[in-house]
Amino acid sequence: MKLRKLVILTIPTTLLASSMSLFAHTGTGSDKLNPMSWNQVDQNQIATFGHQHMDWRAASCMIQSCAFIQVKIGQKPIGYAPWDLKADLDKNNSYASTGFLSYNKVDFGSDWVVEKNNEEHGMIEASYQDLFKYYEQGYLVGVRVMSPAGPHFIVIDYIDENGEIHIWFWI
């Protein structure tokens, strides 16, 4: 069996500029059956997560991204949502000492290999050019970026033929 690859990168410089408030409530909620509708600030099913009781609406982008990846790769079915992943993480104590998710502890299935390192969140420092390199090598790419509101996690959905990066993320 050929293993598929996933890499979680961190880019230390600000890539995304947004005038959107951290709490950009859309009022639309999040439909379990439509991952593109997931908006962490519209999810009221959960108040906090992790052993440090992090605010779900402000800080769950890592969990949101992982749930999106799991559904995108078929590891979990449509209908599996971020709050379902949170329940799985709670059962397995899958949080780093900071209280945030550790990618190294998420089950992406036996046919996926996650590029790991010793950083407790499972991230590899990278440059903007690395996004293209890893994508072209066949990796599914998750990225920690800096925004005006602070660190945020996104997933590259795809890069089109013009080199435009299409991302999945909701704040």
# chains A, B, ... in the order shown; residues from 1 in each chain; ligands from 1
$ select_by_dssp --residues "stretch 64-137 of chain A" --states "strand (DSSP E or B)" --output "ChimeraX atom specification"
/A:95,101,112-114,124-125
$ closest_residue --among "A:Ile73, A:Met146, A:Ala67, A:Leu6" --to "A:Leu85" --atoms "only C-alpha atoms"
A:Ala67
$ atom_distance --atom1 "atom CA of A:Gly74" --atom2 "atom CA of A:Leu140"
12.7 Å
$ residues_around --residues "A:Cys66" --least-positions-apart "5" --cutoff "10 Å" --atoms "only C-alpha atoms" --output "MDAnalysis selection string"
chainID A and resid 61 71:72 81:82 85 101 103 106:108 142 153:155
$ write_last_selection --atoms "C-alpha atoms" --output "mmCIF file, in the first residue's frame"
data_model
loop_
_atom_site.group_PDB
_atom_site.id
_atom_site.type_symbol
_atom_site.label_atom_id
_atom_site.label_comp_id
_atom_site.auth_asym_id
_atom_site.auth_seq_id
_atom_site.Cartn_x
_atom_site.Cartn_y
_atom_site.Cartn_z
ATOM 1 C CA CYS A 61 -8.935 26.486 14.641
ATOM 2 C CA VAL A 71 -13.333 14.470 6.252
ATOM 3 C CA LYS A 72 -11.425 15.609 3.134
ATOM 4 C CA ALA A 81 -17.722 17.695 12.674
ATOM 5 C CA PRO A 82 -15.169 19.583 14.792
ATOM 6 C CA LEU A 85 -13.178 15.409 16.923
ATOM 7 C CA LEU A 101 -4.195 20.189 19.985
ATOM 8 C CA TYR A 103 -1.342 16.983 15.507
ATOM 9 C CA VAL A 106 -4.737 12.799 15.712
ATOM 10 C CA ASP A 107 -5.800 9.651 13.876
ATOM 11 C CA PHE A 108 -5.599 10.335 10.144
ATOM 12 C CA GLY A 142 -2.018 22.262 7.034
ATOM 13 C CA PHE A 153 -4.549 27.392 11.437
ATOM 14 C CA ILE A 154 -5.679 26.785 7.878
ATOM 15 C CA VAL A 155 -5.630 23.893 5.413
#
$ closest_residue --among "A:Lys91, A:Lys105, A:Arg144, A:Lys133" --to "A:Met62" --atoms "only C-alpha atoms"
A:Arg144
$ closest_residue --among "A:Ser30, A:Gly50, A:Met36, A:Ile165" --to "A:Ser97" --atoms "only C-alpha atoms"
A:Gly50
$ closest_residue --among "A:Ser37, A:Asn92, A:Ser127, A:Ser65" --to "A:Ile156" --atoms "only C-alpha atoms"
A:Ser65
$ residues_around --residues "A:Ile78" --least-positions-apart "4" --cutoff "8 Å" --atoms "only C-alpha atoms" --output "ChimeraX atom specification"
/A:32-35,71
$ residues_around --residues "stretch 51-60 of chain A" --least-positions-apart "3" --cutoff "12 Å" --atoms "only C-alpha atoms" --output "PyMOL selection string"
chain A and resi 21-25+29+38-48+63-67+82-83+85-86+89-101+149-154+169-171
$ write_last_selection --atoms "C-alpha atoms" --output "short mmCIF file (atom, residue, chain, number, x, y, z; two decimals), in the first residue's frame"
data_model
loop_
_atom_site.label_atom_id
_atom_site.label_comp_id
_atom_site.auth_asym_id
_atom_site.auth_seq_id
_atom_site.Cartn_x
_atom_site.Cartn_y
_atom_site.Cartn_z
CA SER A 21 -12.93 40.76 13.87
CA LEU A 22 -11.70 37.69 15.73
CA PHE A 23 -15.32 37.05 16.63
CA ALA A 24 -16.79 37.43 13.14
CA HIS A 25 -20.21 36.01 13.97
CA GLY A 29 -24.08 28.27 12.35
CA TRP A 38 -17.94 25.43 9.51
CA ASN A 39 -17.31 28.66 11.37
CA GLN A 40 -15.79 28.26 14.81
CA VAL A 41 -17.35 31.43 16.18
CA ASP A 42 -20.84 30.24 15.23
CA GLN A 43 -20.48 26.92 17.04
CA ASN A 44 -22.24 26.98 20.37
CA GLN A 45 -22.20 23.22 21.00
CA ILE A 46 -18.97 23.57 23.01
CA ALA A 47 -17.70 26.32 25.32
CA THR A 48 -14.13 25.17 26.04
CA ILE A 63 -9.31 21.22 15.82
CA GLN A 64 -11.44 22.70 13.03
CA SER A 65 -8.58 22.18 10.55
CA CYS A 66 -7.95 18.59 11.63
CA ALA A 67 -11.64 17.71 11.37
CA PRO A 82 -15.17 19.58 14.79
CA TRP A 83 -17.12 18.96 17.98
CA LEU A 85 -13.18 15.41 16.92
CA LYS A 86 -13.09 17.33 20.21
CA LEU A 89 -9.45 14.18 21.58
CA ASP A 90 -10.87 14.39 25.10
CA LYS A 91 -11.04 10.58 25.33
CA ASN A 92 -7.38 10.26 24.29
CA ASN A 93 -5.98 13.35 26.08
CA SER A 94 -4.62 14.57 22.74
CA TYR A 95 -3.57 18.02 23.82
CA ALA A 96 -0.14 19.59 24.10
CA SER A 97 1.05 21.13 27.37
CA THR A 98 -0.16 24.52 26.09
CA GLY A 99 -3.73 23.23 26.03
CA PHE A 100 -3.92 23.23 22.23
CA LEU A 101 -4.19 20.19 19.99
CA ALA A 149 -5.52 38.67 15.33
CA GLY A 150 -2.65 36.25 16.14
CA PRO A 151 -1.79 32.68 15.11
CA HIS A 152 -4.38 30.85 13.02
CA PHE A 153 -4.55 27.39 11.44
CA ILE A 154 -5.68 26.78 7.88
CA PHE A 169 -10.42 28.16 7.20
CA TRP A 170 -13.08 29.89 9.19
CA ILE A 171 -12.56 32.18 12.10
#
$ atom_distance --atom1 "atom CA of A:Leu131" --atom2 "atom CA of A:Asp111"
21.9 Å
$ closest_residue --among "A:Asp88, A:Asp157, A:Asp31, A:Glu125" --to "A:Val145" --atoms "only C-alpha atoms"
A:Glu125
$ atom_distance --atom1 "atom CA of A:Tyr80" --atom2 "atom CA of A:Phe49"
17.4 Å
$ residues_around --residues "stretch 159-162 of chain A" --least-positions-apart "4" --cutoff "10 Å" --atoms "only C-alpha atoms" --output "list in words"
Leu131, Phe132, Tyr135, Glu136, His166 and Ile167 of chain A
$ closest_residue --among "A:Gln75, A:Tyr139, A:Leu9, A:Ile124" --to "A:Ser110" --atoms "only C-alpha atoms"
A:Gln75
$ select_by_dssp --residues "stretch 35-152 of chain A" --states "helix (DSSP H, G or I)" --output "JSON, numbers by chain"
{"A": [35, 36, 37, 40, 41, 42, 56, 57, 58, 59, 61, 62, 63, 64, 65, 66, 67, 68, 69, 70, 71, 72, 82, 83, 84, 85, 86, 87, 88, 89, 90, 91, 92, 103, 104, 105, 128, 129, 130, 131, 132, 133, 134, 135, 136]}
$ write_last_selection --atoms "N, CA and C atoms" --output "tab-separated table (two decimals), in the first residue's frame"
chain	number	residue	atom	x	y	z
A	35	PRO	N	-18.75	20.83	5.43
A	35	PRO	CA	-17.55	21.36	6.07
A	35	PRO	C	-17.20	22.78	5.64
A	36	MET	N	-17.60	23.18	4.45
A	36	MET	CA	-17.29	24.55	4.00
A	36	MET	C	-18.12	25.58	4.77
A	37	SER	N	-19.12	25.14	5.52
A	37	SER	CA	-19.93	26.07	6.33
A	37	SER	C	-19.40	26.22	7.75
A	40	GLN	N	-15.99	28.55	13.38
A	40	GLN	CA	-15.79	28.26	14.81
A	40	GLN	C	-16.49	29.24	15.71
A	41	VAL	N	-16.69	30.47	15.29
A	41	VAL	CA	-17.35	31.43	16.18
A	41	VAL	C	-18.86	31.29	16.16
A	42	ASP	N	-19.40	30.49	15.26
A	42	ASP	CA	-20.84	30.24	15.23
A	42	ASP	C	-21.19	28.88	15.82
A	56	TRP	N	-13.50	27.78	22.93
A	56	TRP	CA	-13.75	27.11	21.65
A	56	TRP	C	-13.87	28.11	20.50
A	57	ARG	N	-14.64	29.16	20.71
A	57	ARG	CA	-14.91	30.10	19.61
A	57	ARG	C	-13.69	30.93	19.24
A	58	ALA	N	-12.75	31.08	20.15
A	58	ALA	CA	-11.56	31.89	19.87
A	58	ALA	C	-10.35	31.06	19.47
A	59	ALA	N	-10.30	29.79	19.89
A	59	ALA	CA	-9.02	29.08	19.78
A	59	ALA	C	-9.11	27.66	19.22
A	61	CYS	N	-9.25	26.62	16.07
A	61	CYS	CA	-8.94	26.49	14.64
A	61	CYS	C	-8.08	25.25	14.34
A	62	MET	N	-7.25	24.82	15.27
A	62	MET	CA	-6.46	23.60	15.05
A	62	MET	C	-7.38	22.39	14.96
A	63	ILE	N	-8.36	22.33	15.83
A	63	ILE	CA	-9.31	21.22	15.82
A	63	ILE	C	-10.19	21.30	14.58
A	64	GLN	N	-10.63	22.51	14.24
A	64	GLN	CA	-11.44	22.70	13.03
A	64	GLN	C	-10.69	22.19	11.81
A	65	SER	N	-9.40	22.57	11.70
A	65	SER	CA	-8.58	22.18	10.55
A	65	SER	C	-8.40	20.67	10.48
A	66	CYS	N	-8.13	20.04	11.62
A	66	CYS	CA	-7.95	18.59	11.63
A	66	CYS	C	-9.23	17.86	11.25
A	67	ALA	N	-10.36	18.33	11.74
A	67	ALA	CA	-11.64	17.71	11.37
A	67	ALA	C	-11.87	17.84	9.86
A	68	PHE	N	-11.55	19.01	9.31
A	68	PHE	CA	-11.68	19.21	7.87
A	68	PHE	C	-10.79	18.23	7.12
A	69	ILE	N	-9.54	18.08	7.56
A	69	ILE	CA	-8.61	17.14	6.91
A	69	ILE	C	-9.17	15.73	6.98
A	70	GLN	N	-9.65	15.31	8.15
A	70	GLN	CA	-10.15	13.95	8.30
A	70	GLN	C	-11.32	13.67	7.34
A	71	VAL	N	-12.21	14.64	7.18
A	71	VAL	CA	-13.33	14.47	6.25
A	71	VAL	C	-12.84	14.52	4.80
A	72	LYS	N	-11.94	15.46	4.51
A	72	LYS	CA	-11.43	15.61	3.13
A	72	LYS	C	-10.75	14.34	2.65
A	82	PRO	N	-16.21	19.24	13.81
A	82	PRO	CA	-15.17	19.58	14.79
A	82	PRO	C	-15.52	19.19	16.22
A	83	TRP	N	-16.76	19.31	16.61
A	83	TRP	CA	-17.12	18.96	17.98
A	83	TRP	C	-17.05	17.45	18.18
A	84	ASP	N	-17.17	16.66	17.12
A	84	ASP	CA	-16.96	15.21	17.24
A	84	ASP	C	-15.48	14.90	17.46
A	85	LEU	N	-14.62	15.60	16.72
A	85	LEU	CA	-13.18	15.41	16.92
A	85	LEU	C	-12.79	15.82	18.34
A	86	LYS	N	-13.37	16.90	18.85
A	86	LYS	CA	-13.09	17.33	20.21
A	86	LYS	C	-13.41	16.22	21.20
A	87	ALA	N	-14.53	15.53	21.00
A	87	ALA	CA	-14.90	14.42	21.90
A	87	ALA	C	-13.86	13.31	21.82
A	88	ASP	N	-13.38	12.99	20.61
A	88	ASP	CA	-12.34	11.98	20.45
A	88	ASP	C	-11.05	12.41	21.13
A	89	LEU	N	-10.68	13.66	20.98
A	89	LEU	CA	-9.45	14.18	21.58
A	89	LEU	C	-9.53	14.12	23.10
A	90	ASP	N	-10.70	14.45	23.65
A	90	ASP	CA	-10.87	14.39	25.10
A	90	ASP	C	-10.66	12.98	25.63
A	91	LYS	N	-11.18	11.98	24.90
A	91	LYS	CA	-11.04	10.58	25.33
A	91	LYS	C	-9.57	10.15	25.37
A	92	ASN	N	-8.77	10.68	24.43
A	92	ASN	CA	-7.38	10.26	24.29
A	92	ASN	C	-6.38	11.24	24.88
A	103	TYR	N	-1.08	17.71	16.74
A	103	TYR	CA	-1.34	16.98	15.51
A	103	TYR	C	-0.78	15.58	15.55
A	104	ASN	N	0.29	15.40	16.30
A	104	ASN	CA	0.92	14.08	16.39
A	104	ASN	C	-0.01	13.04	17.02
A	105	LYS	N	-1.09	13.47	17.66
A	105	LYS	CA	-1.98	12.56	18.35
A	105	LYS	C	-3.33	12.37	17.65
A	128	TYR	N	7.00	30.36	2.73
A	128	TYR	CA	5.89	30.43	1.79
A	128	TYR	C	6.13	29.49	0.61
A	129	GLN	N	7.37	29.42	0.12
A	129	GLN	CA	7.71	28.56	-1.00
A	129	GLN	C	7.52	27.08	-0.66
A	130	ASP	N	7.71	26.74	0.63
A	130	ASP	CA	7.52	25.36	1.05
A	130	ASP	C	6.09	24.88	0.84
A	131	LEU	N	5.13	25.80	0.91
A	131	LEU	CA	3.73	25.40	0.67
A	131	LEU	C	3.61	24.74	-0.70
A	132	PHE	N	4.20	25.38	-1.70
A	132	PHE	CA	4.15	24.85	-3.07
A	132	PHE	C	4.94	23.56	-3.18
A	133	LYS	N	6.11	23.53	-2.56
A	133	LYS	CA	6.98	22.36	-2.64
A	133	LYS	C	6.27	21.13	-2.09
A	134	TYR	N	5.74	21.24	-0.88
A	134	TYR	CA	5.08	20.09	-0.28
A	134	TYR	C	3.83	19.70	-1.07
A	135	TYR	N	3.05	20.68	-1.51
A	135	TYR	CA	1.85	20.38	-2.29
A	135	TYR	C	2.22	19.63	-3.57
A	136	GLU	N	3.24	20.11	-4.27
A	136	GLU	CA	3.67	19.46	-5.52
A	136	GLU	C	4.22	18.06	-5.28
